[in-house]
file data-v2.tsv (TSV, C-alpha atoms and all ligand atoms)
chain	number	residue	atom	x	y	z
A	27	MET	CA	21.53	26.87	132.32
A	28	ALA	CA	18.60	24.92	133.72
A	29	GLU	CA	18.34	22.93	130.47
A	30	SER	CA	21.62	21.16	130.96
A	31	SER	CA	21.47	20.58	134.71
A	32	VAL	CA	21.86	16.96	135.74
A	33	GLN	CA	18.53	15.42	136.59
A	34	GLN	CA	18.10	12.60	139.06
A	35	PHE	CA	15.36	10.20	138.03
A	36	SER	CA	13.14	9.06	140.86
A	37	ILE	CA	12.04	5.48	140.37
A	38	GLU	CA	8.84	4.13	141.82
A	39	LYS	CA	7.76	0.65	140.79
A	40	THR	CA	4.11	-0.11	140.27
A	41	ASP	CA	2.49	-2.13	143.05
A	42	SER	CA	0.08	-3.73	140.57
A	43	PRO	CA	2.13	-5.12	137.66
A	44	VAL	CA	0.52	-7.47	135.14
A	45	ALA	CA	0.84	-11.02	136.50
A	46	LYS	CA	3.68	-13.06	135.01
A	47	ALA	CA	1.41	-15.71	133.45
A	48	ASP	CA	-0.83	-13.04	131.87
A	49	ARG	CA	2.16	-11.12	130.56
A	50	GLU	CA	3.69	-14.19	129.00
A	51	LYS	CA	0.41	-15.04	127.32
A	52	LEU	CA	0.14	-11.50	125.92
A	53	LEU	CA	3.73	-11.62	124.65
A	54	GLU	CA	3.08	-14.67	122.49
A	55	ASP	CA	1.28	-12.49	119.95
A	56	PRO	CA	1.74	-8.83	120.87
A	57	GLY	CA	0.67	-7.31	117.52
A	58	PHE	CA	1.62	-3.66	117.14
A	59	GLY	CA	0.66	-0.73	119.35
A	60	ASN	CA	-2.10	-2.32	121.43
A	61	LEU	CA	-0.20	-3.61	124.38
A	62	PHE	CA	1.76	-1.57	126.93
A	63	THR	CA	4.20	-2.25	129.74
A	64	ASP	CA	3.77	-1.54	133.45
A	65	HIS	CA	5.77	1.71	133.62
A	66	MET	CA	6.48	5.01	131.89
A	67	THR	CA	9.09	7.76	132.09
A	68	MET	CA	8.07	11.36	132.59
A	69	ILE	CA	10.01	14.66	132.74
A	70	ARG	CA	8.53	18.12	133.04
A	71	TRP	CA	9.79	21.34	131.56
A	72	SER	CA	8.74	24.83	132.43
A	73	GLU	CA	10.10	28.26	131.67
A	74	GLY	CA	12.21	29.21	134.65
A	75	GLN	CA	12.65	25.68	136.04
A	76	GLY	CA	13.82	24.00	132.85
A	77	TRP	CA	13.80	20.19	132.95
A	78	HIS	CA	12.70	18.86	136.31
A	79	ASP	CA	10.75	16.16	138.12
A	80	ALA	CA	12.26	13.25	136.13
A	81	ARG	CA	10.66	9.99	137.10
A	82	VAL	CA	9.97	6.41	136.19
A	83	GLN	CA	6.61	5.40	137.56
A	84	LYS	CA	3.64	3.15	136.96
A	85	ARG	CA	1.98	3.66	133.59
A	86	GLU	CA	-1.23	5.56	134.16
A	87	ALA	CA	-3.56	8.08	132.54
A	88	ILE	CA	-2.38	11.69	132.56
A	89	GLN	CA	-4.76	14.42	133.58
A	90	MET	CA	-5.16	17.19	131.05
A	91	ASP	CA	-6.89	20.50	131.30
A	92	PRO	CA	-9.15	21.10	128.26
A	93	ALA	CA	-7.15	24.27	127.56
A	94	SER	CA	-3.79	22.43	127.40
A	95	SER	CA	-2.28	24.09	124.38
A	96	VAL	CA	-1.31	20.88	122.53
A	97	LEU	CA	-5.03	20.13	122.15
A	98	HIS	CA	-5.46	23.36	120.21
A	99	TYR	CA	-2.20	24.14	118.41
A	100	ALA	CA	-0.58	20.69	118.15
A	101	GLN	CA	2.86	21.38	119.58
A	102	GLU	CA	3.80	17.72	119.76
A	103	ILE	CA	6.80	15.64	118.63
A	104	PHE	CA	7.76	12.00	119.02
A	105	GLU	CA	10.33	9.32	118.30
A	106	GLY	CA	10.13	5.63	117.51
A	107	MET	CA	12.79	3.10	118.43
A	108	LYS	CA	13.15	-0.51	119.52
A	109	ALA	CA	14.79	-2.44	122.33
A	110	TYR	CA	15.38	-6.04	121.36
A	111	ARG	CA	17.22	-9.19	122.35
A	112	LEU	CA	20.49	-10.10	120.70
A	113	GLU	CA	21.59	-13.59	119.75
A	114	ASP	CA	23.60	-13.83	122.97
A	115	GLY	CA	20.59	-12.97	125.12
A	116	SER	CA	21.60	-9.40	125.97
A	117	THR	CA	19.33	-6.41	125.26
A	118	ALA	CA	20.19	-3.58	122.88
A	119	LEU	CA	19.07	-0.38	121.19
A	120	PHE	CA	19.95	0.62	117.62
A	121	ARG	CA	21.65	4.03	117.21
A	122	PRO	CA	19.65	5.63	120.04
A	123	GLU	CA	21.76	8.81	120.07
A	124	GLU	CA	20.45	9.49	116.56
A	125	ASN	CA	16.91	9.43	117.90
A	126	ALA	CA	17.96	11.78	120.70
A	127	LYS	CA	19.47	14.26	118.22
A	128	ARG	CA	16.51	14.06	115.88
A	129	PHE	CA	14.19	14.67	118.83
A	130	GLN	CA	16.14	17.86	119.49
A	131	ALA	CA	15.89	18.89	115.84
A	132	SER	CA	12.14	18.26	115.87
A	133	ALA	CA	11.85	20.32	119.06
A	134	ARG	CA	13.70	23.27	117.46
A	135	ARG	CA	11.36	23.25	114.46
A	136	MET	CA	8.29	23.20	116.69
A	137	ALA	CA	9.59	25.95	119.01
A	138	MET	CA	9.86	23.48	121.91
A	139	PRO	CA	12.68	23.04	124.46
A	140	GLU	CA	15.43	20.57	123.56
A	141	LEU	CA	15.84	17.58	125.85
A	142	PRO	CA	19.58	17.01	126.48
A	143	VAL	CA	20.85	13.84	124.77
A	144	ASN	CA	21.98	12.26	128.06
A	145	MET	CA	18.54	12.75	129.61
A	146	PHE	CA	16.88	11.24	126.55
A	147	MET	CA	19.20	8.24	126.78
A	148	GLU	CA	18.58	7.80	130.48
A	149	SER	CA	14.82	8.08	130.07
A	150	ILE	CA	14.92	5.20	127.59
A	151	GLU	CA	17.41	3.02	129.42
A	152	LYS	CA	15.63	3.28	132.76
A	153	LEU	CA	12.30	2.30	131.24
A	154	VAL	CA	13.72	-0.67	129.32
A	155	ASP	CA	15.47	-1.77	132.50
A	156	ILE	CA	12.38	-1.68	134.72
A	157	ASP	CA	10.15	-3.28	132.04
A	158	ARG	CA	12.74	-5.75	130.71
A	159	ASP	CA	10.40	-8.70	131.21
A	160	TRP	CA	8.13	-7.17	128.54
A	161	ILE	CA	10.60	-7.65	125.68
A	162	PRO	CA	9.04	-10.39	123.53
A	163	SER	CA	11.26	-13.36	122.79
A	164	ILE	CA	9.31	-14.33	119.64
A	165	GLU	CA	11.05	-14.12	116.23
A	166	GLY	CA	11.18	-10.49	115.06
A	167	GLY	CA	9.80	-9.30	118.38
A	168	SER	CA	10.89	-6.09	120.10
A	169	LEU	CA	9.91	-3.57	122.71
A	170	TYR	CA	8.80	-0.54	120.71
A	171	LEU	CA	9.67	2.68	122.55
A	172	ARG	CA	7.73	5.85	122.07
A	173	PRO	CA	9.31	9.00	123.52
A	174	PHE	CA	7.12	12.07	122.97
A	175	MET	CA	6.67	15.61	124.19
A	176	PHE	CA	3.77	18.03	124.10
A	177	ALA	CA	2.76	21.51	125.20
A	178	SER	CA	1.00	21.12	128.53
A	179	GLU	CA	0.54	24.78	129.41
A	180	VAL	CA	-3.06	25.77	130.10
A	181	PHE	CA	-3.36	28.73	127.77
A	182	LEU	CA	-5.22	29.53	124.57
A	183	GLY	CA	-2.95	32.31	123.31
A	184	VAL	CA	-1.01	31.51	120.16
A	185	ARG	CA	2.70	31.34	121.03
A	186	PRO	CA	5.18	28.63	122.05
A	187	ALA	CA	3.99	27.15	125.34
A	188	LYS	CA	5.85	27.72	128.60
A	189	GLN	CA	5.27	24.21	129.96
A	190	TYR	CA	5.88	20.81	128.40
A	191	LEU	CA	5.59	17.18	129.36
A	192	TYR	CA	8.03	14.58	128.02
A	193	LEU	CA	7.09	10.92	128.33
A	194	VAL	CA	8.31	7.53	127.20
A	195	ILE	CA	5.93	4.61	126.93
A	196	ALA	CA	6.81	1.10	125.75
A	197	SER	CA	4.81	-1.35	123.68
A	198	PRO	CA	5.81	-4.96	123.00
A	199	ALA	CA	5.61	-5.62	119.27
A	200	GLY	CA	5.67	-8.52	116.84
A	201	ALA	CA	6.52	-8.07	113.16
A	202	TYR	CA	5.03	-4.80	111.83
A	203	PHE	CA	3.59	-6.08	108.56
A	204	LYS	CA	1.83	-9.41	108.92
A	205	LYS	CA	4.19	-11.29	106.62
A	206	GLY	CA	7.84	-10.27	107.07
A	207	SER	CA	9.04	-10.37	103.47
A	208	SER	CA	6.27	-9.91	100.93
A	209	ALA	CA	5.92	-6.84	98.75
A	210	VAL	CA	3.44	-4.05	99.49
A	211	THR	CA	1.24	-2.14	97.06
A	212	ILE	CA	1.32	1.62	97.34
A	213	TRP	CA	-1.07	4.36	96.25
A	214	VAL	CA	0.18	7.61	94.71
A	215	SER	CA	-1.61	10.50	96.38
A	216	GLU	CA	-2.45	13.13	93.78
A	217	ASP	CA	-4.76	15.31	95.87
A	218	TYR	CA	-2.87	15.48	99.14
A	219	SER	CA	0.62	16.56	100.17
A	220	ARG	CA	2.41	15.48	103.33
A	221	ALA	CA	4.83	18.38	103.63
A	222	ALA	CA	5.62	21.62	101.81
A	223	PRO	CA	8.88	23.58	101.45
A	224	GLY	CA	9.38	25.52	104.67
A	225	GLY	CA	6.90	23.29	106.48
A	226	THR	CA	7.41	20.59	109.10
A	227	GLY	CA	8.19	17.58	106.88
A	228	ALA	CA	11.63	17.01	108.42
A	229	ALA	CA	10.29	17.12	111.99
A	230	LYS	CA	8.81	14.02	113.56
A	231	CYS	CA	5.61	15.68	114.72
A	232	GLY	CA	2.12	14.33	115.15
A	233	GLY	CA	0.78	17.02	112.82
A	234	ASN	CA	2.51	15.45	109.82
A	235	TYR	CA	0.73	12.20	110.56
A	236	ALA	CA	-2.61	13.94	111.04
A	237	ALA	CA	-2.17	15.49	107.60
A	238	SER	CA	-1.35	12.11	106.04
A	239	LEU	CA	-4.27	10.08	107.38
A	240	VAL	CA	-6.88	11.02	104.79
A	241	ALA	CA	-4.43	10.03	102.04
A	242	GLN	CA	-3.62	6.77	103.84
A	243	ALA	CA	-7.36	6.06	104.15
A	244	GLU	CA	-7.69	6.67	100.41
A	245	ALA	CA	-4.87	4.17	99.78
A	246	ILE	CA	-6.66	1.52	101.84
A	247	LYS	CA	-9.87	2.21	99.93
A	248	GLN	CA	-7.93	1.62	96.71
A	249	ASP	CA	-6.78	-1.77	98.06
A	250	CYS	CA	-3.24	-0.51	98.70
A	251	ASP	CA	-1.15	-0.95	101.85
A	252	GLN	CA	0.48	2.47	102.03
A	253	VAL	CA	0.39	5.90	100.44
A	254	VAL	CA	3.33	7.56	98.67
A	255	PHE	CA	3.52	11.36	98.65
A	256	LEU	CA	4.80	13.59	95.87
A	257	ASP	CA	6.35	17.00	96.44
A	258	ALA	CA	3.86	19.74	97.25
A	259	ALA	CA	5.14	22.34	94.77
A	260	GLU	CA	5.18	20.40	91.48
A	261	HIS	CA	3.38	17.14	92.33
A	262	LYS	CA	6.11	15.45	90.41
A	263	TRP	CA	8.94	14.28	92.66
A	264	VAL	CA	8.55	11.15	94.74
A	265	GLU	CA	9.15	11.92	98.42
A	266	GLU	CA	8.25	9.20	100.93
A	267	LEU	CA	5.47	7.12	102.44
A	268	GLY	CA	3.47	8.32	105.43
A	269	GLY	CA	6.09	6.93	107.80
A	270	MET	CA	8.86	5.34	105.72
A	271	ASN	CA	11.64	6.51	103.38
A	272	LEU	CA	12.00	5.17	99.82
A	273	PHE	CA	14.86	3.65	97.82
A	274	PHE	CA	15.12	2.74	94.13
A	275	VAL	CA	17.47	-0.06	93.02
A	276	MET	CA	18.67	0.61	89.47
A	277	ASP	CA	19.95	-1.87	86.91
A	278	ASP	CA	23.31	-0.06	86.64
A	279	GLY	CA	24.25	-0.54	90.31
A	280	ARG	CA	22.90	2.78	91.55
A	281	LEU	CA	20.71	3.09	94.61
A	282	ILE	CA	18.63	6.26	94.47
A	283	THR	CA	16.84	7.92	97.37
A	284	PRO	CA	15.17	11.34	97.46
A	285	PRO	CA	17.39	14.06	99.01
A	286	LEU	CA	16.70	15.65	102.40
A	287	THR	CA	15.44	19.00	101.23
A	288	GLY	CA	13.40	19.71	104.34
A	289	THR	CA	10.18	18.00	103.28
A	290	ILE	CA	11.41	14.46	103.98
A	291	LEU	CA	11.96	12.89	107.38
A	292	PRO	CA	15.67	12.03	107.84
A	293	GLY	CA	15.24	8.35	108.71
A	294	ILE	CA	17.87	6.55	110.76
A	295	THR	CA	17.11	3.37	108.83
A	296	ARG	CA	17.56	5.38	105.60
A	297	GLU	CA	20.99	6.56	106.69
A	298	SER	CA	22.02	3.07	107.83
A	299	ILE	CA	20.91	1.53	104.52
A	300	MET	CA	22.91	4.12	102.57
A	301	THR	CA	26.03	3.16	104.53
A	302	LEU	CA	25.49	-0.58	104.06
A	303	ALA	CA	24.73	-0.16	100.35
A	304	ARG	CA	28.01	1.70	99.81
A	305	GLU	CA	29.80	-1.15	101.55
A	306	GLU	CA	28.09	-3.53	99.12
A	307	GLY	CA	29.68	-1.58	96.26
A	308	LEU	CA	26.55	0.27	95.18
A	309	THR	CA	26.63	3.91	94.16
A	310	VAL	CA	24.23	5.69	96.46
A	311	SER	CA	22.71	8.79	94.97
A	312	GLU	CA	20.46	11.27	96.76
A	313	GLU	CA	18.59	12.75	93.87
A	314	LEU	CA	15.14	13.86	92.80
A	315	TYR	CA	13.22	11.05	91.13
A	316	SER	CA	9.96	11.77	89.36
A	317	ILE	CA	6.80	9.70	89.34
A	318	ASP	CA	6.95	9.52	85.51
A	319	GLN	CA	10.56	8.34	85.57
A	320	TRP	CA	9.65	5.74	88.17
A	321	GLU	CA	6.99	4.28	85.90
A	322	ALA	CA	9.19	4.48	82.77
A	323	ASP	CA	12.14	2.82	84.53
A	324	ALA	CA	9.93	0.08	85.97
A	325	LYS	CA	8.60	-0.64	82.48
A	326	SER	CA	11.99	-0.53	80.72
A	327	GLY	CA	13.71	-2.62	83.39
A	328	ALA	CA	16.14	0.19	84.30
A	329	LEU	CA	14.55	-0.01	87.74
A	330	ARG	CA	14.92	-3.41	89.38
A	331	GLU	CA	13.47	-2.90	92.85
A	332	THR	CA	11.91	-0.33	95.14
A	333	PHE	CA	11.78	-0.55	98.90
A	334	ALA	CA	10.59	1.45	101.87
A	335	CYS	CA	12.36	1.58	105.22
A	336	GLY	CA	11.83	2.72	108.79
A	337	THR	CA	12.26	1.49	112.35
A	338	ALA	CA	8.88	-0.20	112.68
A	339	ALA	CA	8.92	-2.42	109.55
A	340	VAL	CA	12.72	-2.14	108.88
A	341	VAL	CA	12.80	-2.79	105.09
A	342	THR	CA	9.83	-3.66	102.88
A	343	SER	CA	9.71	-4.22	99.12
A	344	VAL	CA	7.27	-2.22	97.03
A	345	GLY	CA	5.76	-4.53	94.40
A	346	THR	CA	3.07	-2.46	92.74
A	347	VAL	CA	2.38	1.27	92.42
A	348	LYS	CA	-1.19	2.40	91.76
A	349	SER	CA	-2.66	5.78	90.91
A	350	SER	CA	-5.87	7.12	89.38
A	351	GLY	CA	-4.24	6.71	85.96
A	352	GLY	CA	-3.45	3.00	86.34
A	353	SER	CA	-0.76	0.89	87.91
A	354	PHE	CA	2.70	-0.50	87.27
A	355	THR	CA	4.68	-3.38	88.71
A	356	ILE	CA	8.33	-3.30	89.79
A	357	GLY	CA	10.44	-6.30	88.80
A	358	SER	CA	8.51	-9.49	89.45
A	359	GLY	CA	6.17	-7.66	91.83
A	360	GLY	CA	7.56	-9.64	94.75
A	361	PRO	CA	10.36	-8.99	97.25
A	362	GLY	CA	13.54	-7.83	95.50
A	363	GLN	CA	16.87	-9.61	95.83
A	364	LEU	CA	19.00	-6.63	96.76
A	365	THR	CA	16.25	-5.39	99.07
A	366	GLU	CA	16.33	-8.71	100.92
A	367	LYS	CA	20.11	-8.61	101.07
A	368	LEU	CA	20.23	-5.11	102.56
A	369	ARG	CA	17.42	-5.98	104.90
A	370	SER	CA	19.19	-9.06	106.25
A	371	ARG	CA	22.52	-7.22	106.51
A	372	LEU	CA	20.85	-4.58	108.66
A	373	VAL	CA	18.84	-7.03	110.75
A	374	ASP	CA	21.91	-9.23	111.29
A	375	ILE	CA	23.85	-6.25	112.64
A	376	GLN	CA	20.89	-5.21	114.79
A	377	ARG	CA	20.55	-8.71	116.24
A	378	GLY	CA	24.25	-9.17	116.93
A	379	ILE	CA	24.67	-11.87	114.26
A	380	ALA	CA	26.96	-9.82	111.95
A	381	PRO	CA	29.86	-7.63	113.14
A	382	ASP	CA	28.85	-4.12	114.16
A	383	ASN	CA	31.64	-2.15	112.46
A	384	HIS	CA	29.97	1.22	112.97
A	385	SER	CA	29.14	0.82	116.67
A	386	TRP	CA	25.44	1.15	115.92
A	387	VAL	CA	24.28	-1.36	118.51
A	388	LYS	CA	24.12	-0.10	122.08
A	389	ARG	CA	24.01	-2.96	124.55
A	390	LEU	CA	22.08	-2.24	127.73
A	391	PHE	CA	22.31	-5.39	129.80
B	1	LIG	C1	9.94	8.00	111.52
B	1	LIG	C2	9.74	8.23	110.08
B	1	LIG	C3	10.53	7.60	109.10
B	1	LIG	C4	11.56	6.54	109.41
B	1	LIG	O1	12.55	6.96	110.27
B	1	LIG	P1	13.45	5.88	111.04
B	1	LIG	O2	14.39	6.69	111.84
B	1	LIG	O3	14.12	5.07	110.01
B	1	LIG	O4	12.50	5.07	111.85
B	1	LIG	C5	10.31	7.94	107.78
B	1	LIG	N1	9.37	8.83	107.43
B	1	LIG	C6	8.58	9.44	108.34
B	1	LIG	C7	7.57	10.41	107.87
B	1	LIG	C8	8.75	9.15	109.68
B	1	LIG	O5	7.96	9.76	110.58

call {"tool": "encode", "arguments": {"input": "data-v2.tsv", "output": "structure tokens"}}
result
Amino acid sequence: MAESSVQQFSIEKTDSPVAKADREKLLEDPGFGNLFTDHMTMIRWSEGQGWHDARVQKREAIQMDPASSVLHYAQEIFEGMKAYRLEDGSTALFRPEENAKRFQASARRMAMPELPVNMFMESIEKLVDIDRDWIPSIEGGSLYLRPFMFASEVFLGVRPAKQYLYLVIASPAGAYFKKGSSAVTIWVSEDYSRAAPGGTGAAKCGGNYAASLVAQAEAIKQDCDQVVFLDAAEHKWVEELGGMNLFFVMDDGRLITPPLTGTILPGITRESIMTLAREEGLTVSEELYSIDQWEADAKSGALRETFACGTAAVVTSVGTVKSSGGSFTIGSGGPGQLTEKLRSRLVDIQRGIAPDNHSWVKRLF
């Protein structure tokens, strides 16, 4: 089958890279999502030819016909991952095969072709290799990688497209939230849902983010950092933030996280935290947790901490929860102890400081 044929990547270096002195200046304070490296990876797919024309080339604008079907029907998926420096100076990725598999799962849900895992891996590794000088060496710095794919066929009919473009771009990043370990305030969205049963909540697609933005804007207007979504059917069960999964640390040694029922994104950080928490002797329970229970448990003390997690910000404590009906505080309202412990256990494994018993860290060079 064309889909699984081995693809040779052609590699063409840019002849106008950012000058070393300019790059180093930029890397002192990269922020998040504003700054990009010199190159990008690109692979095309078409019905008949399958995956072809794999290349690493200079980063440049892509030409799009106004009738490209992604612009009309939003067949688009993406991933988010980081390349970073280890203590010993080598460069690594964290569980990249999981991103590759999730990218395939997202593609299936959106009726798009699946990129073979080995091609995904190669597309990432080749880009990190050619742009290795863009990995920030500042504390907490990383090269954020953004693989994505969209329907590029020029056609306005409503059906899965017959042509797609897969790209990887890279963006040097500092710490995601300004201060690494302070607690965030989150807003409970009562009017908007992120994902419904049978919908696309478990796929990492741009459409989910588009649907979440008005709720996120409402959260900001309410002086909150992030929005938390409830389930679409009953508006009762806590699901996740716009781009992070949630955990609840209970007084009795349980760690609760909402189950993957199809409306929640299966986070790789979520799964890693569950594994580490079990190793810490906690009972990890994937169970429905209601907004009313959350408030009652915070008030009674049965709930000690709440945290959100995802690749970009890793692990972040939730201090205060606000809604139209009022607000409640979790624990002291600051970063939780167990949250900080799990966060540093994960970060220490990622950075090569603690032993990597699960072979999660993939060293590149
Ligand atoms: C990407 C994402 C997450 C976190 O997933 P990680 O694999 O941990 O980065 C959580 N929720 C949503 C909606 C996401 O898009």

call {"tool": "atom_distance", "arguments": {"input": "data-v2.tsv", "atom1": "CA of Val210 (chain A)", "atom2": "CA of Val344 (chain A)"}}
result
4.9 Å

call {"tool": "axis_aligned_box", "arguments": {"input": "data-v2.tsv", "around": "region 267-273 of chain A", "padding_each_side": "8 Å", "output": "JSON"}}
result
{"center_x": 9.2, "center_y": 6.0, "center_z": 102.8, "size_x": 27.4, "size_y": 20.7, "size_z": 26.0}

call {"tool": "closest_residue", "arguments": {"input": "data-v2.tsv", "among": "A:Ala222, A:Lys348, A:Asp382, A:Gln248", "to": "Gly288 (chain A)", "atoms": "all atoms listed in the file"}}
result
A:Ala222

call {"tool": "residues_around", "arguments": {"input": "data-v2.tsv", "residues": "Thr289 (chain A)", "least_positions_apart": "3", "cutoff": "9 Å", "atoms": "only C-alpha atoms", "output": "compact mmCIF listing (two decimals) with C-alpha atoms, in the frame of the given file"}}
result
# COMPACT_ATOMS: atom_id res chain seq x y z
CA ARG A 220 2.41 15.48 103.33
CA ALA A 221 4.83 18.38 103.63
CA ALA A 222 5.62 21.62 101.81
CA PRO A 223 8.88 23.58 101.45
CA GLY A 224 9.38 25.52 104.67
CA GLY A 225 6.90 23.29 106.48
CA THR A 226 7.41 20.59 109.10
CA GLY A 227 8.19 17.58 106.88
CA ALA A 228 11.63 17.01 108.42
CA ALA A 229 10.29 17.12 111.99
CA ASP A 257 6.35 17.00 96.44
CA ALA A 258 3.86 19.74 97.25
CA GLU A 265 9.15 11.92 98.42
CA LEU A 286 16.70 15.65 102.40

call {"tool": "residues_near_ligand", "arguments": {"input": "data-v2.tsv", "ligand": "ligand LIG 1 (chain B)", "cutoff": "7 Å", "atoms": "only C-alpha atoms and all ligand atoms", "output": "list in words"}}
result
Glu105, Gly106, Met107, Lys230, Glu266, Leu267, Gly268, Gly269, Met270, Asn271, Ile290, Leu291, Pro292, Gly293, Ile294, Thr295, Arg296, Cys335, Gly336, Thr337 and Ala338 of chain A

call {"tool": "closest_residue", "arguments": {"input": "data-v2.tsv", "among": "A:Leu308, A:Phe255, A:Phe274, A:Thr211", "to": "Val347 (chain A)", "atoms": "only C-alpha atoms"}}
result
A:Thr211

call {"tool": "decode", "arguments": {"input": "data-v2.tsv", "residues": "region 137-148 of chain A", "atoms": "N, CA, C and O atoms", "output": "JSON list (two decimals), in the first residue's frame"}}
result
[["chain", "number", "residue", "atom", "x", "y", "z"],
["A", 137, "ALA", "N", -11.57, 11.62, 9.35],
["A", 137, "ALA", "CA", -11.60, 11.04, 7.99],
["A", 137, "ALA", "C", -10.41, 11.49, 7.15],
["A", 137, "ALA", "O", -10.55, 11.83, 5.98],
["A", 138, "MET", "N", -9.22, 11.49, 7.80],
["A", 138, "MET", "CA", -7.99, 11.89, 7.12],
["A", 138, "MET", "C", -7.06, 10.69, 7.04],
["A", 138, "MET", "O", -7.21, 9.74, 7.80],
["A", 139, "PRO", "N", -6.07, 10.70, 6.14],
["A", 139, "PRO", "CA", -5.14, 9.57, 6.06],
["A", 139, "PRO", "C", -4.21, 9.53, 7.28],
["A", 139, "PRO", "O", -3.88, 10.57, 7.84],
["A", 140, "GLU", "N", -3.83, 8.31, 7.68],
["A", 140, "GLU", "CA", -2.95, 8.16, 8.84],
["A", 140, "GLU", "C", -1.49, 8.19, 8.41],
["A", 140, "GLU", "O", -1.08, 7.41, 7.55],
["A", 141, "LEU", "N", -0.74, 9.07, 9.03],
["A", 141, "LEU", "CA", 0.71, 9.12, 8.77],
["A", 141, "LEU", "C", 1.37, 7.97, 9.52],
["A", 141, "LEU", "O", 1.17, 7.84, 10.74],
["A", 142, "PRO", "N", 2.15, 7.10, 8.83],
["A", 142, "PRO", "CA", 2.81, 6.00, 9.54],
["A", 142, "PRO", "C", 3.69, 6.54, 10.68],
["A", 142, "PRO", "O", 4.31, 7.60, 10.54],
["A", 143, "VAL", "N", 3.74, 5.79, 11.78],
["A", 143, "VAL", "CA", 4.48, 6.23, 12.97],
["A", 143, "VAL", "C", 5.94, 6.54, 12.63],
["A", 143, "VAL", "O", 6.49, 7.55, 13.07],
["A", 144, "ASN", "N", 6.57, 5.69, 11.82],
["A", 144, "ASN", "CA", 7.99, 5.92, 11.52],
["A", 144, "ASN", "C", 8.21, 7.21, 10.72],
["A", 144, "ASN", "O", 9.20, 7.90, 10.90],
["A", 145, "MET", "N", 7.24, 7.57, 9.88],
["A", 145, "MET", "CA", 7.39, 8.82, 9.13],
["A", 145, "MET", "C", 7.17, 10.03, 10.03],
["A", 145, "MET", "O", 7.84, 11.06, 9.89],
["A", 146, "PHE", "N", 6.23, 9.88, 10.98],
["A", 146, "PHE", "CA", 6.02, 10.95, 11.96],
["A", 146, "PHE", "C", 7.32, 11.18, 12.74],
["A", 146, "PHE", "O", 7.80, 12.30, 12.87],
["A", 147, "MET", "N", 7.89, 10.07, 13.22],
["A", 147, "MET", "CA", 9.12, 10.17, 14.02],
["A", 147, "MET", "C", 10.24, 10.83, 13.23],
["A", 147, "MET", "O", 10.96, 11.70, 13.73],
["A", 148, "GLU", "N", 10.38, 10.40, 11.98],
["A", 148, "GLU", "CA", 11.46, 10.94, 11.15],
["A", 148, "GLU", "C", 11.25, 12.42, 10.86],
["A", 148, "GLU", "O", 12.19, 13.22, 10.84]]
